[in-house]
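Asks: Pasting a structure here, questions to come.
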Amino acid sequence: MAVVNGSGVNQSGVSRAGANLSGANLSGANRSGVSGSGVSRSGIAPRPVTTWVILGVVGLVFLIPIVSMIEFTLRGADGGYDFRHWAALVDPANAGKYAPIWRGLQGSLVLSITTVAIVLFLLAPTMILVTLRFPALRRPLEFLCLLPLSIPAIVLVVGLSPIYLTIGRSVGTGVWTLAFAYGVTVLPYAYRAIQANLDAIDVRTLTEAARSLGAGWGSVLLKVLAPNLRVGLLSASLISVAVVLGEFTIASLLNRQNLQTALFIVNKQDPYVAVILALLALLFAFLLLLAIGRVGTAAALRRTTPKKDPT
Amino acid sequence: MATAVHERVGVVDSGRRRRRAPAPAVLGLLPFGAYIAVFLALPTGIALASGFFTADGAMTLDNLSALADPVILSTFWNSIWLSFLTAIIGAVVGAALSYAMLGFPEGGRARAIVDAASGVLAQFGGVMLAFAFIATIGLQGVVTLLLRDAFGIDIFADGAWIYELPGLVLPYVYFQVPLMVITFLPALAGIKPQWMEATLTLGGTAGTFWRKVGIPVLAPSFLASFLLLVANAFSSYATAAALSSQGSSIVPLQIRTALTSETVLGRENVAGVLALGMIVIMALVMAAYALVQRRAARWQS
């Protein structure tokens, strides 16, 4: 009985999912769920020539720094071009010189994993709990989670430095401890990604159905809710990784080494290698965000398909 | 129906664990609550309050006089005009770019690529952005050398401004434009083609549509995105820190100086006072944003 009702409610959840997910999963920024739903927008759309002129001019201007970075890394002796700086990066003779970078990268990867763990095991369960048991707390939770957008990282550092002095004395000065601060930094982005997914599924019905069939809370979370939330959890994790890999302010002022502070240090000895690594990091972030976009679009398509062809 | 389900859950519950009383659900909120208290509320509180204490821990209002210091005032002024200037340029260029994107179908490949690129470049602000602009318009930058060798123009004839305040404008615009695309494109895509059709049916032209319908509907969204850009530039630190390793031309850099040296301008806890000033300005901008955004949301459903 509960199961039948569950699937019925889920249908309405599905139709909402189509409207929400297409816009909601991208880059965590302010994308409220507006979608064109396939209506021709020929009336408003600019003429193709306008589109291409604007896109061409802005695109070209934005490409100049990227192209400049590439040109910079290819500069050889006597004004010629060669791959010496790229080769130097993997040359074992330079291992000592570039050691800070590998240490920094390692630190950033550890921080990414720890921050994602905070998102998945602390933020997500709390959001589910609030949805299920404390609907009245939804707005306060949203306010809290979006608050870090209005508190500059540099201000947070002023307050974090005494806290990290205490942490340094009791837990140690390991770079992973920064993940606590980063968990706060990624909060707005992770919250938006997960909340968009929570809005699209009927958490309450799914939970009640599973519980009425005898599932414990553990199985409800892991076997019922987590699979339904996988798109939101995945994009929250990816955006968190992107933010953590780019973070400089907090690490630099709390004297911890991550990828960005290492780039900053190495740049003073060998600017070419720093620019090469910056290019690679950019490319990686671009692919990461393209993947987030894909995940969102694929999920939206999967969810809208049964609506078009009901069985 | 709902009660039936609840009763069932209750039956299963009591059947499974007859002895153990279920822990109140409120306990589940504690870990996250404690985390937020220690790593969001506490640091913000310390940052706000530390300006009111001397180094010995006694309460004082003397430190606040730092906000009237001419050096600090000019730092705030620099931060504010830099934020507004780059936000205006970013908002106009970003809005034009968003408009151009309407020419591509939603969910298509072109949109996906521009979305991803905007996401990357909006997050790009930082050390790597500084590298990019040093490679472009630095003393040995590509554009610098090109202008010098091909046109005989020395852009640094008046000094190496790239490492000072004016040098921040171009890098800031570089992350403002993509942020504008991310925040403004959804609002622009929310304009319904039917509104245009209705205008045309009633005898209007495309021009009437934009003047009487399109722009009035989009104005609040545009303003909200602009305010977000202002806040974004105002709180940005990494780009400026990487470009000028010594200077303190804008407030975040002044905070760095205050944090790394004991006394600035012969005062204590200047970092706390500056943080307080930043929070006040950010709160004003974000409050205006929330107000405008509420109005903008009317058309986005």
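Chain labels follow the order of the structure tokens: the first chain is A, the next B, and so on; residue numbering restarts at 1 in every chain, and ligands are counted from 1 in their shown order.
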Got a sec to pull out which chain B residues are within 7 Å of chain A, counting only C-alpha atoms, and send them as a PyMOL selection string?
Replies: chain B and resi 5+8-9+12+29+32+39-40+43-44+46-47+97+100-103+112-113+116-117+119-120+127-128+131-133+135-136+142+182-183+186+189-190+193+196+235+237-238+252+271-272+275+279+282+286+300-301
Asks: Tell me, which residues of segment 248-300 of chain B carry DSSP helix (DSSP H, G or I), written as a count of residues only?
Replies: 40
Asks: May I ask which of the residues B:Val270, B:Met59, B:Leu228, B:Met180 is the closest one to Gln293 of chain B, counting only C-alpha atoms?
Replies: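 Of B:Val270, B:Met59, B:Leu228, B:Met180, the one nearest Gln293 of chain B is B:Leu228, counting only C-alpha atoms.
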Asks: Ranking A:Leu74, A:Ile128, A:Val110, A:Ala193 by minimum distance to Leu178 of chain A and counting only C-alpha atoms, which one comes first?
Replies: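 Smallest separation from Leu178 of chain A among the options: A:Val110.
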Asks: Which residues, written as a list in words, have at least one atom at most 12 Å from Gln246 of chain B, with only C-alpha atoms counted and residues fewer than 2 positions away on the same chain left out?
Replies: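 Counting only C-alpha atoms, the residues come to Tyr163, Glu164, Ala240, Ala241, Ala242, Leu243, Ser244, Ser248, Ser249, Ile250, Leu253, Gln254, Arg256, Thr257 and Thr260 of chain B.
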Asks: Please list as an mmCIF file with C-alpha atoms, in the first residue's frame every residue within 12 Å of Thr75 of chain B, counting only C-alpha atoms and excluding residues in the same chain fewer than 2 positions away.
Replies:
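See selection.cif below for the written result:
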data_model
loop_
_atom_site.group_PDB
_atom_site.id
_atom_site.type_symbol
_atom_site.label_atom_id
_atom_site.label_comp_id
_atom_site.auth_asym_id
_atom_site.auth_seq_id
_atom_site.Cartn_x
_atom_site.Cartn_y
_atom_site.Cartn_z
ATOM 1 C CA ALA B 66 42.076 53.209 13.052
ATOM 2 C CA LEU B 67 39.075 53.372 10.726
ATOM 3 C CA ALA B 68 39.489 57.149 10.654
ATOM 4 C CA ASP B 69 43.206 56.938 9.868
ATOM 5 C CA PRO B 70 43.864 58.524 6.455
ATOM 6 C CA VAL B 71 45.913 55.507 5.297
ATOM 7 C CA ILE B 72 43.153 53.040 6.249
ATOM 8 C CA LEU B 73 40.470 55.282 4.759
ATOM 9 C CA TRP B 77 38.319 53.804 -0.802
ATOM 10 C CA ASN B 78 40.686 51.892 -3.147
ATOM 11 C CA SER B 79 38.894 48.619 -2.415
ATOM 12 C CA ILE B 80 35.488 50.175 -2.997
ATOM 13 C CA TRP B 81 36.200 51.846 -6.312
ATOM 14 C CA LEU B 82 38.110 48.822 -7.582
ATOM 15 C CA LEU B 165 46.436 49.056 -7.823
ATOM 16 C CA PHE B 234 35.636 43.364 -2.530
ATOM 17 C CA GLY B 247 51.972 46.393 -0.956
ATOM 18 C CA SER B 248 48.792 47.027 0.981
ATOM 19 C CA SER B 249 46.761 49.076 -1.463
ATOM 20 C CA ILE B 250 43.428 47.324 -0.781
ATOM 21 C CA VAL B 251 41.821 46.205 2.493
ATOM 22 C CA PRO B 252 42.559 42.441 2.207
ATOM 23 C CA LEU B 253 46.248 43.220 1.628
ATOM 24 C CA GLN B 254 46.215 45.614 4.586
ATOM 25 C CA ILE B 255 44.824 42.765 6.692
ATOM 26 C CA LEU B 274 39.758 46.042 9.269
ATOM 27 C CA GLY B 277 34.972 47.253 8.447
ATOM 28 C CA MET B 278 34.932 44.650 5.675
#
Asks: List as a PDB file with N, CA and C atoms, in the first residue's frame the protein and nucleic acid residues near Ile88 of chain B, meaning an atom at most 12 Å away when only C-alpha atoms are counted, but skip any in the same chain fewer than 3 places from it.
Replies:
ATOM      1  N   TRP B  81      36.303  51.482  -4.891  1.00  0.00           N
ATOM      2  CA  TRP B  81      36.200  51.846  -6.312  1.00  0.00           C
ATOM      3  C   TRP B  81      36.671  50.724  -7.218  1.00  0.00           C
ATOM      4  N   LEU B  82      37.680  49.969  -6.770  1.00  0.00           N
ATOM      5  CA  LEU B  82      38.110  48.822  -7.582  1.00  0.00           C
ATOM      6  C   LEU B  82      36.948  47.836  -7.753  1.00  0.00           C
ATOM      7  N   SER B  83      36.206  47.579  -6.665  1.00  0.00           N
ATOM      8  CA  SER B  83      35.087  46.638  -6.730  1.00  0.00           C
ATOM      9  C   SER B  83      33.997  47.150  -7.662  1.00  0.00           C
ATOM     10  N   PHE B  84      33.632  48.454  -7.523  1.00  0.00           N
ATOM     11  CA  PHE B  84      32.548  48.984  -8.355  1.00  0.00           C
ATOM     12  C   PHE B  84      32.964  49.059  -9.818  1.00  0.00           C
ATOM     13  N   LEU B  85      34.183  49.519 -10.074  1.00  0.00           N
ATOM     14  CA  LEU B  85      34.627  49.641 -11.467  1.00  0.00           C
ATOM     15  C   LEU B  85      34.623  48.275 -12.152  1.00  0.00           C
ATOM     16  N   ALA B  91      29.651  43.399 -15.331  1.00  0.00           N
ATOM     17  CA  ALA B  91      28.204  43.235 -15.498  1.00  0.00           C
ATOM     18  C   ALA B  91      27.795  43.529 -16.936  1.00  0.00           C
ATOM     19  N   VAL B  92      28.335  44.601 -17.527  1.00  0.00           N
ATOM     20  CA  VAL B  92      27.946  44.965 -18.889  1.00  0.00           C
ATOM     21  C   VAL B  92      28.437  43.908 -19.888  1.00  0.00           C
ATOM     22  N   VAL B  93      29.727  43.553 -19.801  1.00  0.00           N
ATOM     23  CA  VAL B  93      30.267  42.573 -20.744  1.00  0.00           C
ATOM     24  C   VAL B  93      29.603  41.212 -20.520  1.00  0.00           C
ATOM     25  N   GLY B  94      29.422  40.829 -19.254  1.00  0.00           N
ATOM     26  CA  GLY B  94      28.800  39.537 -18.951  1.00  0.00           C
ATOM     27  C   GLY B  94      27.360  39.469 -19.436  1.00  0.00           C
ATOM     28  N   ALA B  95      26.621  40.594 -19.328  1.00  0.00           N
ATOM     29  CA  ALA B  95      25.236  40.608 -19.795  1.00  0.00           C
ATOM     30  C   ALA B  95      25.204  40.456 -21.314  1.00  0.00           C
ATOM     31  N   VAL B 169      42.874  45.869 -12.104  1.00  0.00           N
ATOM     32  CA  VAL B 169      41.598  46.034 -12.811  1.00  0.00           C
ATOM     33  C   VAL B 169      41.374  44.922 -13.832  1.00  0.00           C
ATOM     34  N   TYR B 172      40.826  41.420 -12.343  1.00  0.00           N
ATOM     35  CA  TYR B 172      39.521  41.330 -11.681  1.00  0.00           C
ATOM     36  C   TYR B 172      38.398  41.199 -12.706  1.00  0.00           C
ATOM     37  N   VAL B 173      38.469  42.015 -13.776  1.00  0.00           N
ATOM     38  CA  VAL B 173      37.443  41.908 -14.819  1.00  0.00           C
ATOM     39  C   VAL B 173      37.413  40.475 -15.361  1.00  0.00           C
ATOM     40  N   GLN B 176      35.277  38.600 -13.110  1.00  0.00           N
ATOM     41  CA  GLN B 176      33.935  39.167 -12.930  1.00  0.00           C
ATOM     42  C   GLN B 176      33.003  38.781 -14.084  1.00  0.00           C
ATOM     43  N   VAL B 177      33.506  38.855 -15.329  1.00  0.00           N
ATOM     44  CA  VAL B 177      32.650  38.568 -16.486  1.00  0.00           C
ATOM     45  C   VAL B 177      32.047  37.161 -16.417  1.00  0.00           C
ATOM     46  N   MET B 180      29.307  36.952 -13.903  1.00  0.00           N
ATOM     47  CA  MET B 180      28.090  37.594 -14.399  1.00  0.00           C
ATOM     48  C   MET B 180      27.312  36.623 -15.291  1.00  0.00           C
ATOM     49  N   PHE B 222      19.651  42.104 -13.045  1.00  0.00           N
ATOM     50  CA  PHE B 222      20.926  42.713 -13.428  1.00  0.00           C
ATOM     51  C   PHE B 222      21.575  43.387 -12.224  1.00  0.00           C
ATOM     52  N   LEU B 223      20.758  44.140 -11.489  1.00  0.00           N
ATOM     53  CA  LEU B 223      21.271  44.852 -10.312  1.00  0.00           C
ATOM     54  C   LEU B 223      21.766  43.850  -9.260  1.00  0.00           C
ATOM     55  N   SER B 225      22.875  40.772  -9.726  1.00  0.00           N
ATOM     56  CA  SER B 225      24.128  40.173 -10.177  1.00  0.00           C
ATOM     57  C   SER B 225      25.272  41.160 -10.014  1.00  0.00           C
ATOM     58  N   PHE B 226      24.989  42.446 -10.323  1.00  0.00           N
ATOM     59  CA  PHE B 226      26.014  43.484 -10.174  1.00  0.00           C
ATOM     60  C   PHE B 226      26.495  43.564  -8.719  1.00  0.00           C
ATOM     61  N   LEU B 227      25.540  43.535  -7.778  1.00  0.00           N
ATOM     62  CA  LEU B 227      25.911  43.619  -6.360  1.00  0.00           C
ATOM     63  C   LEU B 227      26.748  42.409  -5.941  1.00  0.00           C
ATOM     64  N   LEU B 228      26.390  41.237  -6.495  1.00  0.00           N
ATOM     65  CA  LEU B 228      27.159  40.030  -6.195  1.00  0.00           C
ATOM     66  C   LEU B 228      28.596  40.182  -6.695  1.00  0.00           C
ATOM     67  N   LEU B 229      28.746  40.820  -7.864  1.00  0.00           N
ATOM     68  CA  LEU B 229      30.075  41.063  -8.420  1.00  0.00           C
ATOM     69  C   LEU B 229      30.866  42.027  -7.538  1.00  0.00           C
ATOM     70  N   VAL B 230      30.175  43.060  -7.023  1.00  0.00           N
ATOM     71  CA  VAL B 230      30.840  44.010  -6.123  1.00  0.00           C
ATOM     72  C   VAL B 230      31.378  43.260  -4.909  1.00  0.00           C
ATOM     73  N   ALA B 233      34.429  41.049  -5.792  1.00  0.00           N
ATOM     74  CA  ALA B 233      35.703  41.752  -5.953  1.00  0.00           C
ATOM     75  C   ALA B 233      36.196  42.270  -4.606  1.00  0.00           C
TER      76      ALA B 233
END
Asks: To one decimal place in Å, what is the distance between atom CA of Phe175 of chain B and atom CA of Val114 of chain B?
Replies: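 That distance, rounded to one decimal, is 13.8 Å.
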Asks: Fewer than 4 positions away in the same chain doesn't count, so skip those; otherwise give me all residues within 12 Å of Lys97 of chain A, counting only C-alpha atoms, as a list in words.
Replies: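 Non-adjacent residues within range: Ala88, Leu89, Val90, Asp91, Pro92, Ala93, Ile101, Trp102, Arg103, Ala262, Leu263, Ile265, Val266, Asn267, Lys268, Gln269, Asp270, Val273 and Ala274 of chain A.
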Asks: One decimal, in Å: what's the spacing between atom CA of Leu206 of chain A and atom CA of Asn228 of chain A?
Replies: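 Straight-line distance from atom CA of Leu206 of chain A to atom CA of Asn228 of chain A works out to 9.5 Å.
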